[in-house]
Each structure stands twice: as structure tokens, then as C-alpha cells.
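Okay, protein15.txt now, which holds compact mmCIF, C-alpha atoms and all ligand atoms:
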# COMPACT_ATOMS: atom_id res chain seq x y z
CA MET A 1 54.86 13.25 127.07
CA SER A 2 51.22 12.17 127.17
CA ILE A 3 49.72 15.23 128.85
CA PHE A 4 51.68 17.68 126.71
CA THR A 5 50.75 16.13 123.40
CA LYS A 6 47.08 15.63 124.27
CA LYS A 7 44.82 18.13 122.57
CA CYS A 8 41.74 19.72 124.11
CA SER A 9 38.73 21.26 122.40
CA LEU A 10 40.24 24.74 122.69
CA CYS A 11 43.45 23.86 120.83
CA GLY A 12 41.83 24.34 117.44
CA VAL A 13 40.57 27.81 118.34
CA ASN A 14 43.78 28.86 120.02
CA LYS A 15 45.66 28.00 116.87
CA TYR A 16 44.02 31.09 115.33
CA ILE A 17 43.70 33.38 118.35
CA CYS A 18 47.19 32.84 119.73
CA PHE A 19 49.01 33.59 116.50
CA TRP A 20 52.32 33.89 118.36
CA GLY A 21 52.55 30.11 118.62
CA ASP A 22 53.58 27.83 121.43
CA MET A 23 54.87 29.24 124.67
CA PRO A 24 56.82 27.59 127.47
CA MET A 25 54.53 25.50 129.69
CA ARG A 26 54.65 26.26 133.41
CA LYS A 27 52.67 24.70 136.23
CA TRP A 28 51.81 28.07 137.83
CA LYS A 29 50.41 29.54 134.63
CA ARG A 30 46.96 27.98 135.00
CA PRO A 31 46.06 29.32 138.48
CA VAL A 32 47.67 32.69 137.73
CA LEU A 33 45.84 32.99 134.42
CA GLY A 34 42.52 32.07 136.02
CA ILE A 35 42.81 34.38 139.01
CA LEU A 36 44.19 37.27 136.98
CA SER A 37 41.46 36.99 134.34
CA ALA A 38 38.71 36.74 136.93
CA LEU A 39 40.04 39.75 138.83
CA VAL A 40 40.34 41.88 135.71
CA LEU A 41 36.86 40.88 134.50
CA VAL A 42 35.16 41.57 137.83
CA GLY A 43 37.22 44.65 138.67
CA GLY A 44 37.14 46.04 135.14
CA GLY A 45 33.44 45.31 134.77
CA TYR A 46 32.69 47.12 138.01
CA ALA A 47 34.89 50.08 137.02
CA ILE A 48 33.09 50.37 133.68
CA TYR A 49 29.72 50.14 135.39
CA GLU A 50 30.70 52.92 137.79
CA THR A 51 32.03 55.07 134.96
CA ILE A 52 28.77 54.69 133.01
CA GLN A 53 26.79 55.67 136.12
CA ILE A 54 28.79 58.89 136.45
CA GLU A 55 29.75 59.78 132.89
CA GLY A 56 26.80 58.32 131.03
CA GLU A 57 26.91 56.17 127.90
CA PRO A 58 30.52 55.71 126.65
CA ASP A 59 31.41 56.38 123.02
CA LEU A 60 31.83 53.70 120.40
CA PHE A 61 35.60 53.58 120.57
CA PHE A 62 35.51 52.95 124.32
CA LYS A 63 32.91 50.22 123.86
CA LEU A 64 34.96 48.48 121.19
CA LEU A 65 38.11 48.72 123.23
CA MET A 66 36.42 47.33 126.34
CA SER A 67 34.80 44.50 124.37
CA PHE A 68 38.19 43.58 122.97
CA VAL A 69 39.96 43.66 126.34
CA GLY A 70 37.04 41.86 127.96
CA PHE A 71 37.15 39.14 125.35
CA ILE A 72 40.88 38.59 125.84
CA PHE A 73 40.51 38.09 129.57
CA LEU A 74 37.33 36.05 129.24
CA TRP A 75 39.19 33.77 126.86
CA GLY A 76 42.01 33.55 129.38
CA LEU A 77 39.54 32.51 132.07
CA ILE A 78 37.91 29.89 129.82
CA ASN A 79 41.33 28.47 128.98
CA SER A 80 42.40 28.29 132.61
CA ILE A 81 39.33 26.16 133.34
CA PHE A 82 38.89 24.06 130.20
CA GLY A 83 42.16 24.34 128.33
CA CYS A 84 45.02 21.88 128.27
CA ASP A 85 48.52 22.85 129.43
CA ARG A 86 49.47 23.86 125.93
CA CYS A 87 46.48 26.22 125.62
CA VAL A 88 47.14 27.77 129.01
CA ALA A 89 50.77 28.40 128.07
CA LYS A 90 49.70 29.92 124.76
CA THR A 91 47.08 32.30 126.12
CA PHE A 92 49.34 33.34 128.98
CA GLY A 93 52.15 34.26 126.65
CA SER A 94 55.87 34.22 127.32
CA ALA A 95 56.90 33.93 130.94
ZN ZN B 1 44.42 22.73 124.28

Could you write out this file's structure as C-alpha cells?
Amino acid sequence: MSIFTKKCSLCGVNKYICFWGDMPMRKWKRPVLGILSALVLVGGGYAIYETIQIEGEPDLFFKLLMSFVGFIFLWGLINSIFGCDRCVAKTFGSA
């Protein structure tokens, strides 16, 4: 029980961000969350950069949407590195 009940510094923040509550904890969630988040951030960031080069400055809605999506995946990456098992399970969602 010790590792599952231990709280990390991200638990307090995740309590508010992950409003859906606790999710089942799985061993594979951490590496998958980390790799997936990193891929989306790098790939998405590059895609946005390319789009701006071709299309010019995006509108406000696009910027807000990208900031939101970027934040979600950045938070996922942070959790996969620093979070406890509970936080990883929460940010990953149901699986
Ligand atoms: Zn935690």
C-alpha cells in the first residue's frame, strides 16, 4: 500500500486539474504518458511552426486552442517524470 498512498508534490495540483477523480493505476501508464506527451509536443510544435511559416500569424482562437492542448500534454509530460503513480493514472485517464 505504501507507494499508492504516498503523495507527491503534484497531487495537490492534480486534485483541481483532473476533476474526474482517481483512475485505475497501471504500470505501463507512466512510460506511455511520457512518450505520448513528448511526441505530441515535439510533433505538434513543429507542425504549428511550419504552419506559421506558410500561413503567417494564426488567429486568436487557434492560439488559445493550441495553448490549451499544449498545456494538457506538457502537464502529462511533467506528471510522467515527477508525478506519483496516482497522478500518472489521473492525468492519463481511464484505460
Ligand atoms: Zn501525486

**OP:** Please identify the residues whose atoms come within 12 Å of ligand ZN 1 (chain B), using all atoms listed in the file, and report them as a ChimeraX atom specification.
**Re:** /A:3-15,18,22,25,78-91

12 Å contact set for Tyr49 in chain A, only C-alpha atoms, chain neighbours under 6 positions out, as an mmCIF file with C-alpha atoms, in the frame of the given file:
data_model
loop_
_atom_site.group_PDB
_atom_site.id
_atom_site.type_symbol
_atom_site.label_atom_id
_atom_site.label_comp_id
_atom_site.auth_asym_id
_atom_site.auth_seq_id
_atom_site.Cartn_x
_atom_site.Cartn_y
_atom_site.Cartn_z
ATOM 1 C CA LEU A 41 36.860 40.880 134.500
ATOM 2 C CA VAL A 42 35.160 41.570 137.830
ATOM 3 C CA GLY A 43 37.220 44.650 138.670
ATOM 4 C CA GLU A 55 29.750 59.780 132.890
ATOM 5 C CA GLY A 56 26.800 58.320 131.030
ATOM 6 C CA GLU A 57 26.910 56.170 127.900
ATOM 7 C CA PRO A 58 30.520 55.710 126.650
ATOM 8 C CA LYS A 63 32.910 50.220 123.860
ATOM 9 C CA MET A 66 36.420 47.330 126.340
#

**OP:** Could you please determine the separation between CA of Glu50 in chain A and CA of Ile35 in chain A in Å, to one decimal place?
**Re:** 22.2 Å

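Interatomic distance, CA of Arg30 in chain A against CA of Leu65 in chain A: 25.4 Å.
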
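CA of Val32 in chain A is positioned 20.8 Å from CA of Tyr46 in chain A.
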
Original post:
Which polymer residues have any atom within 12 Å of an atom of Val69 in chain A, counting all atoms listed in the file, with same-chain residues fewer than 6 positions away left out, as a list in words?
Top reply: Ser37, Val40, Leu41, Gly44, Gly45, Phe62, Lys63, Trp75 and Gly76 of chain A
